[in-house]
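Have a look at coords_7.pdb; it's PDB, C-alpha atoms:
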```
MODEL        1
ATOM      1  CA  MET A   1     -75.646 -43.340-141.585
ATOM      2  CA  GLY A   2     -78.186 -40.783-142.665
ATOM      3  CA  GLN A   3     -81.411 -42.474-143.713
ATOM      4  CA  ALA A   4     -84.890 -41.399-144.682
ATOM      5  CA  SER A   5     -88.013 -43.425-144.369
ATOM      6  CA  THR A   6     -91.412 -42.345-145.610
ATOM      7  CA  HIS A   7     -94.973 -43.520-145.266
ATOM      8  CA  PRO A   8     -96.493 -45.887-147.875
ATOM      9  CA  GLY A   9     -97.311 -44.117-151.075
ATOM     10  CA  GLU A  10     -94.624 -41.461-150.616
ATOM     11  CA  SER A  11     -91.399 -41.338-152.547
ATOM     12  CA  HIS A  12     -88.335 -42.870-150.932
ATOM     13  CA  PRO A  13     -85.363 -40.520-151.350
ATOM     14  CA  ARG A  14     -81.948 -42.062-151.485
ATOM     15  CA  ALA A  15     -80.235 -42.003-148.100
ATOM     16  CA  ALA A  16     -77.238 -39.735-147.761
ATOM     17  CA  ALA A  17     -75.047 -42.474-146.341
ATOM     18  CA  GLU A  18     -71.959 -42.504-144.203
ATOM     19  CA  ASP A  19     -70.301 -45.754-143.176
ATOM     20  CA  VAL A  20     -70.037 -45.771-139.388
ATOM     21  CA  ASN A  21     -66.906 -47.911-139.638
ATOM     22  CA  CYS A  22     -65.285 -45.116-141.638
ATOM     23  CA  VAL A  23     -66.157 -42.583-138.937
ATOM     24  CA  HIS A  24     -64.978 -44.687-136.003
ATOM     25  CA  ARG A  25     -61.624 -46.021-137.068
ATOM     26  CA  PRO A  26     -59.778 -47.681-134.197
ATOM     27  CA  PRO A  27     -56.415 -46.074-133.361
ATOM     28  CA  ARG A  28     -53.429 -47.195-135.400
ATOM     29  CA  THR A  29     -51.191 -50.078-134.401
ATOM     30  CA  GLU A  30     -48.788 -47.605-132.762
ATOM     31  CA  SER A  31     -51.527 -46.526-130.354
ATOM     32  CA  ARG A  32     -52.408 -50.095-129.421
ATOM     33  CA  ARG A  33     -48.747 -50.886-128.768
ATOM     34  CA  ALA A  34     -48.299 -47.709-126.695
ATOM     35  CA  LEU A  35     -51.391 -48.492-124.620
ATOM     36  CA  ALA A  36     -50.188 -52.039-124.027
ATOM     37  CA  TRP A  37     -46.769 -50.820-122.817
ATOM     38  CA  VAL A  38     -48.330 -48.236-120.515
ATOM     39  CA  LEU A  39     -50.745 -50.806-119.120
ATOM     40  CA  GLY A  40     -47.859 -53.140-118.264
ATOM     41  CA  ILE A  41     -45.780 -50.385-116.649
ATOM     42  CA  THR A  42     -48.709 -49.087-114.604
ATOM     43  CA  ILE A  43     -49.736 -52.496-113.267
ATOM     44  CA  VAL A  44     -46.154 -53.506-112.356
ATOM     45  CA  PHE A  45     -45.414 -50.321-110.423
ATOM     46  CA  ALA A  46     -48.830 -50.279-108.777
ATOM     47  CA  LEU A  47     -47.973 -53.703-107.340
ATOM     48  CA  VAL A  48     -44.525 -52.397-106.341
ATOM     49  CA  GLU A  49     -46.244 -49.556-104.462
ATOM     50  CA  VAL A  50     -48.604 -51.987-102.734
ATOM     51  CA  GLY A  51     -45.578 -53.947-101.482
ATOM     52  CA  GLY A  52     -43.733 -50.767-100.566
ATOM     53  CA  GLY A  53     -46.751 -49.415 -98.719
ATOM     54  CA  LEU A  54     -47.169 -52.592 -96.690
ATOM     55  CA  LEU A  55     -43.456 -52.824 -95.838
ATOM     56  CA  SER A  56     -42.987 -49.125 -95.037
ATOM     57  CA  GLY A  57     -46.337 -48.592 -93.337
ATOM     58  CA  ALA A  58     -47.011 -45.635 -95.660
ATOM     59  CA  LEU A  59     -50.702 -45.246 -96.406
ATOM     60  CA  VAL A  60     -49.956 -42.669 -99.099
ATOM     61  CA  LEU A  61     -48.222 -45.374-101.151
ATOM     62  CA  LEU A  62     -51.290 -47.603-100.881
ATOM     63  CA  ALA A  63     -53.478 -44.669-101.925
ATOM     64  CA  ASP A  64     -51.229 -43.980-104.910
ATOM     65  CA  ALA A  65     -51.233 -47.694-105.781
ATOM     66  CA  ALA A  66     -55.036 -47.617-105.794
ATOM     67  CA  HIS A  67     -54.847 -44.565-108.052
ATOM     68  CA  MET A  68     -52.452 -46.329-110.418
ATOM     69  CA  LEU A  69     -54.537 -49.499-110.513
ATOM     70  CA  THR A  70     -57.607 -47.426-111.334
ATOM     71  CA  ASP A  71     -55.755 -45.685-114.118
ATOM     72  CA  ALA A  72     -54.519 -49.084-115.273
ATOM     73  CA  GLY A  73     -58.184 -50.018-115.520
ATOM     74  CA  ALA A  74     -58.809 -46.891-117.592
ATOM     75  CA  VAL A  75     -55.884 -47.688-119.897
ATOM     76  CA  GLY A  76     -57.100 -51.285-120.092
ATOM     77  CA  LEU A  77     -60.541 -50.026-121.082
ATOM     78  CA  SER A  78     -58.981 -47.900-123.790
ATOM     79  CA  LEU A  79     -57.053 -50.896-125.098
ATOM     80  CA  PHE A  80     -60.170 -53.061-124.841
ATOM     81  CA  ALA A  81     -62.160 -50.442-126.751
ATOM     82  CA  VAL A  82     -59.562 -50.460-129.522
ATOM     83  CA  TRP A  83     -59.833 -54.242-129.778
ATOM     84  CA  ILE A  84     -63.602 -54.558-129.423
ATOM     85  CA  ALA A  85     -64.275 -51.788-131.959
ATOM     86  CA  ARG A  86     -62.729 -53.995-134.633
ATOM     87  CA  ARG A  87     -65.382 -56.673-134.172
ATOM     88  CA  PRO A  88     -68.211 -56.329-136.675
ATOM     89  CA  ALA A  89     -71.826 -55.801-135.725
ATOM     90  CA  THR A  90     -74.175 -58.778-135.999
ATOM     91  CA  ALA A  91     -77.877 -59.251-136.663
ATOM     92  CA  GLN A  92     -78.366 -59.644-132.901
ATOM     93  CA  LYS A  93     -75.997 -56.829-131.877
ATOM     94  CA  THR A  94     -76.547 -54.187-134.528
ATOM     95  CA  TYR A  95     -74.318 -51.665-132.745
ATOM     96  CA  GLY A  96     -71.608 -54.233-132.162
ATOM     97  CA  TYR A  97     -69.975 -54.453-128.729
ATOM     98  CA  TYR A  98     -69.414 -50.761-128.026
ATOM     99  CA  ARG A  99     -71.544 -50.734-124.848
ATOM    100  CA  LEU A 100     -69.241 -53.247-123.113
ATOM    101  CA  GLU A 101     -66.799 -50.367-122.687
ATOM    102  CA  ILE A 102     -69.444 -48.396-120.772
ATOM    103  CA  LEU A 103     -70.342 -51.324-118.517
ATOM    104  CA  ALA A 104     -66.670 -51.850-117.722
ATOM    105  CA  ALA A 105     -66.264 -48.138-116.945
ATOM    106  CA  LEU A 106     -69.236 -48.282-114.559
ATOM    107  CA  VAL A 107     -67.760 -51.245-112.667
ATOM    108  CA  ASN A 108     -64.329 -49.602-112.642
ATOM    109  CA  GLY A 109     -65.725 -46.383-111.158
ATOM    110  CA  ALA A 110     -67.816 -48.169-108.529
ATOM    111  CA  LEU A 111     -64.848 -50.232-107.338
ATOM    112  CA  LEU A 112     -62.704 -47.123-107.205
ATOM    113  CA  ILE A 113     -65.221 -45.341-104.981
ATOM    114  CA  ALA A 114     -65.233 -48.313-102.591
ATOM    115  CA  VAL A 115     -61.404 -48.417-102.442
ATOM    116  CA  THR A 116     -61.221 -44.654-101.886
ATOM    117  CA  VAL A 117     -63.699 -44.768 -99.010
ATOM    118  CA  GLY A 118     -61.629 -47.528 -97.390
ATOM    119  CA  ILE A 119     -58.419 -45.475 -97.687
ATOM    120  CA  VAL A 120     -60.063 -42.383 -96.169
ATOM    121  CA  LEU A 121     -61.397 -44.388 -93.211
ATOM    122  CA  GLU A 122     -57.945 -45.861 -92.588
ATOM    123  CA  ALA A 123     -56.371 -42.396 -92.863
ATOM    124  CA  LEU A 124     -58.789 -40.981 -90.276
ATOM    125  CA  GLN A 125     -57.839 -43.766 -87.875
ATOM    126  CA  ARG A 126     -54.135 -43.019 -88.416
ATOM    127  CA  LEU A 127     -54.699 -39.358 -87.605
ATOM    128  CA  HIS A 128     -55.897 -40.424 -84.144
ATOM    129  CA  HIS A 129     -53.362 -43.229 -83.789
ATOM    130  CA  PRO A 130     -50.238 -42.395 -85.860
ATOM    131  CA  GLN A 131     -48.212 -45.348 -87.076
ATOM    132  CA  ALA A 132     -44.491 -45.454 -87.735
ATOM    133  CA  VAL A 133     -43.468 -44.978 -91.356
ATOM    134  CA  ARG A 134     -40.139 -46.008 -92.910
ATOM    135  CA  SER A 135     -39.566 -42.757 -94.760
ATOM    136  CA  GLY A 136     -36.492 -44.008 -96.626
ATOM    137  CA  LEU A 137     -38.365 -46.903 -98.212
ATOM    138  CA  LEU A 138     -41.343 -44.632 -98.865
ATOM    139  CA  LEU A 139     -39.145 -42.146-100.738
ATOM    140  CA  ALA A 140     -37.370 -44.853-102.744
ATOM    141  CA  VAL A 141     -40.620 -46.456-103.933
ATOM    142  CA  ALA A 142     -42.249 -43.064-104.607
ATOM    143  CA  VAL A 143     -39.312 -41.876-106.722
ATOM    144  CA  ALA A 144     -39.332 -45.154-108.692
ATOM    145  CA  GLY A 145     -43.078 -44.743-109.203
ATOM    146  CA  LEU A 146     -42.586 -41.191-110.463
ATOM    147  CA  ALA A 147     -39.992 -42.417-112.977
ATOM    148  CA  ALA A 148     -42.393 -45.116-114.194
ATOM    149  CA  ASN A 149     -45.248 -42.636-114.541
ATOM    150  CA  LEU A 150     -43.074 -40.177-116.468
ATOM    151  CA  ALA A 151     -42.037 -43.008-118.804
ATOM    152  CA  ALA A 152     -45.702 -43.885-119.380
ATOM    153  CA  VAL A 153     -46.527 -40.235-120.111
ATOM    154  CA  ALA A 154     -43.675 -40.085-122.633
ATOM    155  CA  ILE A 155     -44.877 -43.260-124.379
ATOM    156  CA  LEU A 156     -48.437 -41.943-124.798
ATOM    157  CA  HIS A 157     -47.523 -38.324-125.508
ATOM    158  CA  GLY A 158     -47.044 -38.825-129.213
ATOM    159  CA  ALA A 159     -50.243 -40.855-129.636
ATOM    160  CA  LYS A 160     -52.579 -38.743-127.494
ATOM    161  CA  GLY A 161     -53.890 -36.788-130.482
ATOM    162  CA  GLU A 162     -55.048 -39.851-132.429
ATOM    163  CA  SER A 163     -58.386 -40.224-130.639
ATOM    164  CA  LEU A 164     -60.349 -39.101-127.595
ATOM    165  CA  ASN A 165     -60.007 -42.638-126.280
ATOM    166  CA  VAL A 166     -56.195 -42.471-126.232
ATOM    167  CA  ARG A 167     -56.254 -38.884-124.956
ATOM    168  CA  GLY A 168     -58.378 -39.992-122.001
ATOM    169  CA  ALA A 169     -55.849 -42.705-121.159
ATOM    170  CA  TYR A 170     -53.049 -40.126-121.430
ATOM    171  CA  LEU A 171     -54.776 -37.813-118.934
ATOM    172  CA  HIS A 172     -55.275 -40.704-116.501
ATOM    173  CA  VAL A 173     -51.578 -41.560-116.632
ATOM    174  CA  LEU A 174     -50.663 -37.890-116.253
ATOM    175  CA  SER A 175     -52.673 -37.788-113.014
ATOM    176  CA  ASP A 176     -50.506 -40.633-111.669
ATOM    177  CA  VAL A 177     -47.562 -38.228-111.718
ATOM    178  CA  LEU A 178     -49.411 -36.096-109.155
ATOM    179  CA  GLY A 179     -49.927 -39.153-106.950
ATOM    180  CA  SER A 180     -46.220 -39.960-107.011
ATOM    181  CA  LEU A 181     -45.363 -36.369-106.145
ATOM    182  CA  ALA A 182     -47.743 -36.560-103.160
ATOM    183  CA  ALA A 183     -46.011 -39.731-101.952
ATOM    184  CA  ILE A 184     -42.591 -38.109-102.333
ATOM    185  CA  ALA A 185     -43.807 -35.069-100.394
ATOM    186  CA  ALA A 186     -45.069 -37.281 -97.565
ATOM    187  CA  GLY A 187     -41.772 -39.174 -97.415
ATOM    188  CA  ALA A 188     -39.731 -35.968 -97.414
ATOM    189  CA  ILE A 189     -41.828 -34.356 -94.658
ATOM    190  CA  ILE A 190     -41.584 -37.431 -92.420
ATOM    191  CA  ALA A 191     -37.843 -37.845 -93.072
ATOM    192  CA  LEU A 192     -37.067 -34.180 -92.320
ATOM    193  CA  THR A 193     -39.520 -33.436 -89.499
ATOM    194  CA  GLY A 194     -40.802 -36.789 -88.260
ATOM    195  CA  TRP A 195     -44.356 -35.430 -88.565
ATOM    196  CA  LEU A 196     -46.349 -38.672 -89.096
ATOM    197  CA  PRO A 197     -49.753 -37.023 -89.868
ATOM    198  CA  ALA A 198     -48.295 -36.007 -93.254
ATOM    199  CA  ASP A 199     -48.918 -39.576 -94.472
ATOM    200  CA  PRO A 200     -52.679 -39.836 -93.722
ATOM    201  CA  LEU A 201     -53.344 -36.181 -94.638
ATOM    202  CA  LEU A 202     -51.765 -36.508 -98.071
ATOM    203  CA  SER A 203     -53.528 -39.869 -98.469
ATOM    204  CA  ILE A 204     -56.880 -38.175 -97.861
ATOM    205  CA  GLY A 205     -56.024 -35.428-100.345
ATOM    206  CA  LEU A 206     -55.031 -37.955-102.995
ATOM    207  CA  SER A 207     -58.145 -40.035-102.276
ATOM    208  CA  LEU A 208     -60.413 -37.010-102.761
ATOM    209  CA  LEU A 209     -58.738 -36.390-106.121
ATOM    210  CA  ILE A 210     -59.421 -40.003-107.097
ATOM    211  CA  LEU A 211     -62.990 -39.798-105.798
ATOM    212  CA  VAL A 212     -63.801 -36.838-108.040
ATOM    213  CA  SER A 213     -62.605 -38.778-111.090
ATOM    214  CA  ALA A 214     -64.497 -41.906-110.002
ATOM    215  CA  VAL A 215     -67.789 -40.086-109.453
ATOM    216  CA  ARG A 216     -67.437 -38.359-112.818
ATOM    217  CA  LEU A 217     -66.698 -41.690-114.502
ATOM    218  CA  VAL A 218     -69.750 -43.368-112.929
ATOM    219  CA  GLY A 219     -71.958 -40.394-113.808
ATOM    220  CA  GLU A 220     -70.884 -40.434-117.449
ATOM    221  CA  ALA A 221     -71.412 -44.205-117.681
ATOM    222  CA  VAL A 222     -74.892 -43.941-116.149
ATOM    223  CA  ASP A 223     -75.811 -41.125-118.555
ATOM    224  CA  VAL A 224     -74.800 -43.293-121.508
ATOM    225  CA  LEU A 225     -76.782 -46.284-120.209
ATOM    226  CA  LEU A 226     -79.831 -44.027-119.663
ATOM    227  CA  GLU A 227     -79.354 -42.715-123.223
ATOM    228  CA  ALA A 228     -79.192 -39.128-121.996
ATOM    229  CA  THR A 229     -78.477 -36.347-124.466
ATOM    230  CA  PRO A 230     -74.673 -35.849-124.583
ATOM    231  CA  ALA A 231     -73.481 -32.766-122.717
ATOM    232  CA  HIS A 232     -71.908 -31.250-125.842
ATOM    233  CA  VAL A 233     -75.166 -31.368-127.823
ATOM    234  CA  SER A 234     -77.877 -28.735-127.313
ATOM    235  CA  LEU A 235     -81.158 -30.393-128.261
ATOM    236  CA  ALA A 236     -82.815 -26.990-128.731
ATOM    237  CA  ALA A 237     -80.056 -25.798-131.073
ATOM    238  CA  LEU A 238     -80.148 -29.074-132.998
ATOM    239  CA  THR A 239     -83.929 -28.858-133.364
ATOM    240  CA  ASP A 240     -83.620 -25.289-134.647
ATOM    241  CA  ALA A 241     -80.888 -26.260-137.116
ATOM    242  CA  ILE A 242     -83.104 -28.984-138.597
ATOM    243  CA  ALA A 243     -86.311 -26.905-138.520
ATOM    244  CA  THR A 244     -84.709 -24.090-140.540
ATOM    245  CA  VAL A 245     -83.718 -26.360-143.427
ATOM    246  CA  PRO A 246     -85.542 -25.102-146.560
ATOM    247  CA  GLY A 247     -88.572 -27.319-147.226
ATOM    248  CA  VAL A 248     -88.962 -28.475-143.602
ATOM    249  CA  THR A 249     -92.158 -27.377-141.830
ATOM    250  CA  GLY A 250     -91.816 -29.302-138.564
ATOM    251  CA  VAL A 251     -89.536 -31.430-136.383
ATOM    252  CA  HIS A 252     -90.650 -33.897-133.712
ATOM    253  CA  ASP A 253     -89.598 -37.056-131.835
ATOM    254  CA  LEU A 254     -85.975 -35.922-131.914
ATOM    255  CA  HIS A 255     -83.630 -38.052-129.800
ATOM    256  CA  VAL A 256     -79.850 -37.914-129.328
ATOM    257  CA  TRP A 257     -77.891 -40.458-127.320
ATOM    258  CA  THR A 258     -74.408 -41.907-126.872
ATOM    259  CA  VAL A 259     -73.845 -45.483-128.018
ATOM    260  CA  SER A 260     -70.325 -45.540-126.586
ATOM    261  CA  SER A 261     -67.465 -43.115-126.041
ATOM    262  CA  GLY A 262     -67.129 -40.978-129.154
ATOM    263  CA  MET A 263     -70.116 -42.556-130.922
ATOM    264  CA  VAL A 264     -73.229 -40.343-130.854
ATOM    265  CA  ALA A 265     -76.482 -41.271-132.602
ATOM    266  CA  MET A 266     -79.633 -39.360-133.471
ATOM    267  CA  SER A 267     -83.114 -40.183-134.721
ATOM    268  CA  GLY A 268     -85.955 -37.864-135.570
ATOM    269  CA  HIS A 269     -88.980 -37.101-137.710
ATOM    270  CA  VAL A 270     -89.289 -34.083-139.985
ATOM    271  CA  THR A 271     -92.226 -32.842-142.007
ATOM    272  CA  ALA A 272     -91.536 -31.845-145.617
ATOM    273  CA  PRO A 273     -94.816 -31.532-147.607
ATOM    274  CA  ARG A 274     -93.259 -31.585-151.083
ATOM    275  CA  ALA A 275     -91.942 -35.012-152.103
ATOM    276  CA  ALA A 276     -89.530 -33.371-154.533
ATOM    277  CA  ASP A 277     -87.790 -31.710-151.570
ATOM    278  CA  HIS A 278     -87.105 -34.920-149.667
ATOM    279  CA  GLN A 279     -83.673 -35.727-151.073
ATOM    280  CA  PRO A 280     -82.193 -32.203-150.770
ATOM    281  CA  VAL A 281     -83.799 -31.879-147.323
ATOM    282  CA  LEU A 282     -82.178 -35.127-146.188
ATOM    283  CA  GLU A 283     -78.769 -34.092-147.513
ATOM    284  CA  GLU A 284     -78.910 -30.689-145.800
ATOM    285  CA  ILE A 285     -80.090 -32.197-142.507
ATOM    286  CA  THR A 286     -77.222 -34.698-142.656
ATOM    287  CA  ARG A 287     -74.729 -31.886-143.234
ATOM    288  CA  ARG A 288     -76.060 -29.799-140.333
ATOM    289  CA  VAL A 289     -76.338 -32.698-137.886
ATOM    290  CA  ARG A 290     -72.723 -33.685-138.517
ATOM    291  CA  GLY A 291     -71.781 -30.192-137.373
ATOM    292  CA  PHE A 292     -72.977 -31.197-133.876
ATOM    293  CA  GLY A 293     -70.523 -34.100-133.726
ATOM    294  CA  ILE A 294     -73.228 -36.692-134.448
ATOM    295  CA  GLN A 295     -71.968 -39.466-136.700
ATOM    296  CA  HIS A 296     -74.922 -41.842-136.936
ATOM    297  CA  MET A 297     -78.358 -40.471-137.819
ATOM    298  CA  THR A 298     -81.730 -41.788-138.902
ATOM    299  CA  VAL A 299     -84.233 -39.258-140.236
ATOM    300  CA  GLN A 300     -87.823 -40.094-141.141
ATOM    301  CA  ILE A 301     -89.329 -37.654-143.598
ATOM    302  CA  GLU A 302     -93.102 -37.270-143.507
ATOM    303  CA  ALA A 303     -95.208 -35.503-146.108
ATOM    304  CA  GLY A 304     -98.244 -34.936-143.855
ATOM    305  CA  GLU A 305     -98.899 -32.410-141.129
ATOM    306  CA  GLU A 306     -96.467 -32.244-138.249
ATOM    307  CA  CYS A 307     -97.304 -34.811-135.579
ATOM    308  CA  VAL A 308     -97.582 -33.781-131.978
ATOM    309  CA  GLY A 309     -94.619 -35.392-130.259
ATOM    310  CA  GLN A 310     -92.035 -34.858-127.642
ATOM    311  CA  ALA A 311     -88.692 -33.634-128.872
TER
ENDMDL
END
```
Write out the structure in this file as structure tokens.
Amino acid sequence: MGQASTHPGESHPRAAAEDVNCVHRPPRTESRRALAWVLGITIVFALVEVGGGLLSGALVLLADAAHMLTDAGAVGLSLFAVWIARRPATAQKTYGYYRLEILAALVNGALLIAVTVGIVLEALQRLHHPQAVRSGLLLAVAVAGLAANLAAVAILHGAKGESLNVRGAYLHVLSDVLGSLAAIAAGAIIALTGWLPADPLLSIGLSLLILVSAVRLVGEAVDVLLEATPAHVSLAALTDAIATVPGVTGVHDLHVWTVSSGMVAMSGHVTAPRAADHQPVLEEITRRVRGFGIQHMTVQIEAGEECVGQA
């Protein structure tokens, strides 16, 4: 919501308003249903892979199960975000419950890093002391997992364009296909050649792929919690865009932060000496700031000299 506040004695221009609820519509019912189906499929086959990995002795299945459970967490977060976004803000929680999604993502990423480290350590031990693997069972479970992942991709494919939230879940599920292919490759190599190191080596490769995603997830969550400027917003360019609005003579105390995934906010002070310019200045600033993908903004217009502040 674009707002302007002025010092006592100055005119109070009408805020150029935008309802945040109109900007951040939760995905349609179809998206929620698709996410729920994918979540169920992913959890069921992750548990199947855990059982298959324990029975066959294939570490790559356990690694892929960890990957699928992590992606189930990501899909669950997407579904949770859809549900929680529908709850209204309160006087105590003026931004609503958006930040719960970020806290859940941080925990999800931290647990994933711990699981990945455990898999890598076990894989290193198996390289020194190879263990027998039932390649037939490994292949059967891996092929079933691939079929489940392809079904999940098909379910989300049509809904992936509805929001960044759903698109993120779609990409997570798509990465599960790679994990299943790695498990199939390990099973095929062991069945054809009997080369047991294929299992721990492919497990390490899959774990490193998961680790990259986990570290990125934790980093993004920490940036949001620290209220860092979003990567897609150049603070210098934004400052220049506001400073060049006709009637504006200075910009200071400009801050941009992420409330939650897809919800970026901004606050700042601008100097506009002529009170008659305040309303058109506010409207033009609102228009330009929206061009940076910022949906929620609060602008304080001051008629005095520009204050010395930190942008």
Exercise for the section: Return as a PyMOL selection string the set of residues that the PyMOL selection byres ((chain A and resi 152) around 10) yields on the displayed structure. Expected result: chain A and resi 34-35+37-42+146-151+153-157+170+173-174+176-177
Exercise for the section: Pick out the residues sitting within 8 Å of Thr116 of chain A, and hand them over as number ranges by chain; count only C-alpha atoms, and ignore anything fewer than 6 positions along from it in its own chain. Expected result: A: 63, 66, 207-208, 210-211
Exercise for the section: To verify the selection step, state as number ranges by chain which residues the PyMOL selection byres ((chain A and resi 99) around 9) yields on this input. Expected result: A: 95-98, 100-104, 224-225, 259-261
Exercise for the section: Determine, counting only C-alpha atoms, which protein, DNA and RNA residues have an atom within 7 Å of an atom of segment 135-144 of chain A; residues of the same chain fewer than 6 positions away are not included. Present the result as a list in words. Expected result: Glu49, Gly52, Ser56, Ala58, Ser180, Ala183, Ile184, Gly187, Ile190 and Ala191 of chain A
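You will find atom CA of Pro230 of chain A at 13.5 Å from atom CA of Leu254 of chain A.
Picture a line from atom CA of His269 of chain A to atom CA of Leu226 of chain A; it runs 21.4 Å.
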Practice task
Report the residues retrieved by the PyMOL selection byres ((chain A and resi 218) around 12) from the displayed file, expressed as a ChimeraX atom specification.
Solution key: /A:102-113,211-217,219-225
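Of the residues under consideration (A:Ser175, A:Thr249, A:Thr258, A:Ser203), A:Ser203 shows the shortest atom-to-atom contact distance to Leu124 of chain A when counting all atoms listed in the file.
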Handout entry: Atomic separation - atom CA of Ile204 of chain A relative to atom CA of Val120 of chain A, Å
Key =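 Separation of atom CA of Val120 of chain A and atom CA of Ile204 of chain A: 5.5 Å.
Counting all atoms listed in the file and comparing A:Val166, A:Ile119, A:Val133, A:Met266, the residue that lies closest to Gly205 of chain A is A:Ile119.
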Exercise for the section: Give the answer as one residue: which of A:Gly145, A:Thr90, A:Gly73, A:Leu209 has the shortest atom-to-atom distance to Val44 of chain A, using only C-alpha atoms? Expected result: A:Gly145
Missing atoms in segment 191-203 of chain A: fill them in up to N, CA and C atoms and send the result as a JSON list (two decimals), keeping the file's coordinate frame.
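This went into selection_22.json:
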```
[["chain", "number", "residue", "atom", "x", "y", "z"],
["A", 191, "ALA", "N", -39.30, -37.68, -93.24],
["A", 191, "ALA", "CA", -37.84, -37.84, -93.07],
["A", 191, "ALA", "C", -37.21, -36.61, -92.44],
["A", 192, "LEU", "N", -37.68, -35.42, -92.80],
["A", 192, "LEU", "CA", -37.07, -34.18, -92.32],
["A", 192, "LEU", "C", -37.60, -33.73, -90.96],
["A", 193, "THR", "N", -38.90, -33.97, -90.72],
["A", 193, "THR", "CA", -39.52, -33.44, -89.50],
["A", 193, "THR", "C", -40.03, -34.52, -88.55],
["A", 194, "GLY", "N", -40.24, -35.74, -89.09],
["A", 194, "GLY", "CA", -40.80, -36.79, -88.26],
["A", 194, "GLY", "C", -42.29, -36.62, -88.01],
["A", 195, "TRP", "N", -42.92, -35.72, -88.77],
["A", 195, "TRP", "CA", -44.36, -35.43, -88.56],
["A", 195, "TRP", "C", -45.19, -36.51, -89.27],
["A", 196, "LEU", "N", -45.65, -37.52, -88.52],
["A", 196, "LEU", "CA", -46.35, -38.67, -89.10],
["A", 196, "LEU", "C", -47.70, -38.33, -89.72],
["A", 197, "PRO", "N", -48.46, -37.33, -89.22],
["A", 197, "PRO", "CA", -49.75, -37.02, -89.87],
["A", 197, "PRO", "C", -49.65, -36.65, -91.34],
["A", 198, "ALA", "N", -48.43, -36.34, -91.83],
["A", 198, "ALA", "CA", -48.30, -36.01, -93.25],
["A", 198, "ALA", "C", -48.76, -37.16, -94.13],
["A", 199, "ASP", "N", -48.53, -38.41, -93.68],
["A", 199, "ASP", "CA", -48.92, -39.58, -94.47],
["A", 199, "ASP", "C", -50.43, -39.68, -94.63],
["A", 200, "PRO", "N", -51.23, -39.73, -93.53],
["A", 200, "PRO", "CA", -52.68, -39.84, -93.72],
["A", 200, "PRO", "C", -53.30, -38.59, -94.35],
["A", 201, "LEU", "N", -52.76, -37.39, -94.06],
["A", 201, "LEU", "CA", -53.34, -36.18, -94.64],
["A", 201, "LEU", "C", -53.17, -36.14, -96.16],
["A", 202, "LEU", "N", -51.99, -36.47, -96.62],
["A", 202, "LEU", "CA", -51.76, -36.51, -98.07],
["A", 202, "LEU", "C", -52.53, -37.67, -98.72],
["A", 203, "SER", "N", -52.72, -38.75, -97.96],
["A", 203, "SER", "CA", -53.53, -39.87, -98.47],
["A", 203, "SER", "C", -54.97, -39.44, -98.68]]
```
